[in-house]
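First up is the structure itself, then whatever we jot down about it.
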Amino acid sequence: MGTPSFHVRLTFGDGAAIDARAVVSEGRITLEGLHAQPPHPAEYPHAQEPSAAGRARPSWPRGREGRLLVAQEYRAAQADGRDPVLAVMHATGRSRRRSLRLIASARDAGALPPRHNRR
């Protein structure tokens with residue numbers, strides 16, 4: 001008797017789907033033969049196709065202007081009672097690690113107060 005295998009399909013709200021074969025062997029589940037189908041073009045806003053270069057990220061200014069905008073987003077989120085790091089992540093389109101680096105550079109430039117009061 002062969003190893004048990006199952007067909008698995010994950011379907012997303014935008015029409016994208018992932019097909020795979022799940023194989024059960026020695027108490028473990030392994031996914032094999034993954035195939036992805038892109039979302040339906042009609043589901044994209046304004047019928048825009050995703051770029052072949054990957055996920056688009058909003059443009060964010062560099063240097064002093066960028067640090068001031070990071071500080072502005074950070075303070076606005078704090079005032080609204082939201083997570084300021086998530087607000088910066090959303091505004092910049094960057095990862096958590098990169099957003100923390102941007103926040104740190106805004107602190108170093110004096111646009112945000114230090115994290116801890118020094119004695």
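A note on labels: chains of the structure tokens are A, B, ... as shown, every chain counts residues from 1, and ligands are counted from 1 in their shown order.
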Backbone-only DSSP, helix (DSSP H, G or I) members of chain A, as a ChimeraX atom specification:
/A:41-43,45-47,63-80,84-92,96-108
Give me the residues within 12 Å of stretch 109-112 of chain A as a count of residues only, counting only C-alpha atoms and dropping any in the same chain fewer than 5 places off.
18
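Selecting strand (DSSP E) from the backbone DSSP output for chain A yields Ser5, Phe6, His7, Val8, Arg9, Leu10, Thr11, Ala17, Ile18, Asp19, Ala20, Arg21, Ala22, Val23, Val24, Ser25, Arg28, Ile29, Thr30, Leu31, Glu32, Gly33, Leu34, His35, Ala36 and Gln37 of chain A.
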Using the selection just defined, write its residues with N, CA and C atoms as a CSV table (one decimal), in the first residue's frame.
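New file selection_25.csv:
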chain,number,residue,atom,x,y,z
A,5,SER,N,-2.0,10.3,0.2
A,5,SER,CA,-1.8,11.6,-0.3
A,5,SER,C,-3.2,12.2,-0.6
A,6,PHE,N,-3.2,13.5,-0.5
A,6,PHE,CA,-4.5,14.3,-0.6
A,6,PHE,C,-4.2,15.5,-1.5
A,7,HIS,N,-5.3,15.9,-2.2
A,7,HIS,CA,-5.2,17.1,-3.0
A,7,HIS,C,-5.7,18.3,-2.1
A,8,VAL,N,-4.9,19.3,-2.0
A,8,VAL,CA,-5.3,20.5,-1.1
A,8,VAL,C,-5.4,21.7,-2.0
A,9,ARG,N,-6.4,22.5,-1.8
A,9,ARG,CA,-6.5,23.8,-2.5
A,9,ARG,C,-6.9,24.9,-1.5
A,10,LEU,N,-6.1,25.9,-1.6
A,10,LEU,CA,-6.3,27.1,-0.8
A,10,LEU,C,-6.8,28.2,-1.7
A,11,THR,N,-8.0,28.7,-1.5
A,11,THR,CA,-8.6,29.7,-2.3
A,11,THR,C,-8.7,31.0,-1.5
A,17,ALA,N,-5.4,31.2,-6.0
A,17,ALA,CA,-5.5,29.8,-5.5
A,17,ALA,C,-4.2,29.2,-5.5
A,18,ILE,N,-4.0,28.3,-4.5
A,18,ILE,CA,-2.8,27.4,-4.4
A,18,ILE,C,-3.2,26.0,-4.4
A,19,ASP,N,-2.7,25.2,-5.3
A,19,ASP,CA,-3.0,23.8,-5.3
A,19,ASP,C,-1.7,23.0,-4.9
A,20,ALA,N,-1.9,22.0,-4.1
A,20,ALA,CA,-0.8,21.2,-3.7
A,20,ALA,C,-1.2,19.8,-3.4
A,21,ARG,N,-0.2,18.9,-3.3
A,21,ARG,CA,-0.5,17.5,-3.0
A,21,ARG,C,0.1,17.3,-1.6
A,22,ALA,N,-0.7,16.9,-0.6
A,22,ALA,CA,-0.2,16.7,0.7
A,22,ALA,C,0.1,15.2,0.9
A,23,VAL,N,1.3,14.8,1.3
A,23,VAL,CA,1.7,13.4,1.5
A,23,VAL,C,1.9,13.2,3.0
A,24,VAL,N,1.3,12.1,3.5
A,24,VAL,CA,1.4,11.7,4.9
A,24,VAL,C,2.4,10.6,5.0
A,25,SER,N,3.5,10.8,5.7
A,25,SER,CA,4.5,9.8,5.8
A,25,SER,C,5.2,9.9,7.1
A,28,ARG,N,4.2,12.7,9.5
A,28,ARG,CA,4.5,14.1,9.0
A,28,ARG,C,3.7,14.3,7.7
A,29,ILE,N,3.3,15.6,7.6
A,29,ILE,CA,2.6,16.0,6.3
A,29,ILE,C,3.6,16.8,5.5
A,30,THR,N,3.8,16.5,4.3
A,30,THR,CA,4.6,17.2,3.4
A,30,THR,C,3.8,17.7,2.2
A,31,LEU,N,4.0,19.0,1.8
A,31,LEU,CA,3.3,19.5,0.7
A,31,LEU,C,4.3,19.4,-0.5
A,32,GLU,N,3.7,18.9,-1.6
A,32,GLU,CA,4.5,18.7,-2.8
A,32,GLU,C,3.8,19.2,-4.0
A,33,GLY,N,4.4,19.5,-5.1
A,33,GLY,CA,3.8,20.0,-6.3
A,33,GLY,C,2.9,21.2,-6.2
A,34,LEU,N,3.5,22.2,-5.6
A,34,LEU,CA,2.7,23.5,-5.4
A,34,LEU,C,2.5,24.2,-6.7
A,35,HIS,N,1.3,24.6,-7.0
A,35,HIS,CA,0.9,25.4,-8.2
A,35,HIS,C,0.1,26.6,-7.7
A,36,ALA,N,0.4,27.8,-8.2
A,36,ALA,CA,-0.3,29.0,-7.8
A,36,ALA,C,-1.0,29.5,-9.0
A,37,GLN,N,-2.2,30.0,-8.7
A,37,GLN,CA,-3.0,30.7,-9.8
A,37,GLN,C,-3.2,32.2,-9.3
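What separates atom CA of A:Asp83 from atom CA of A:Ser59 is a distance of 21.7 Å.
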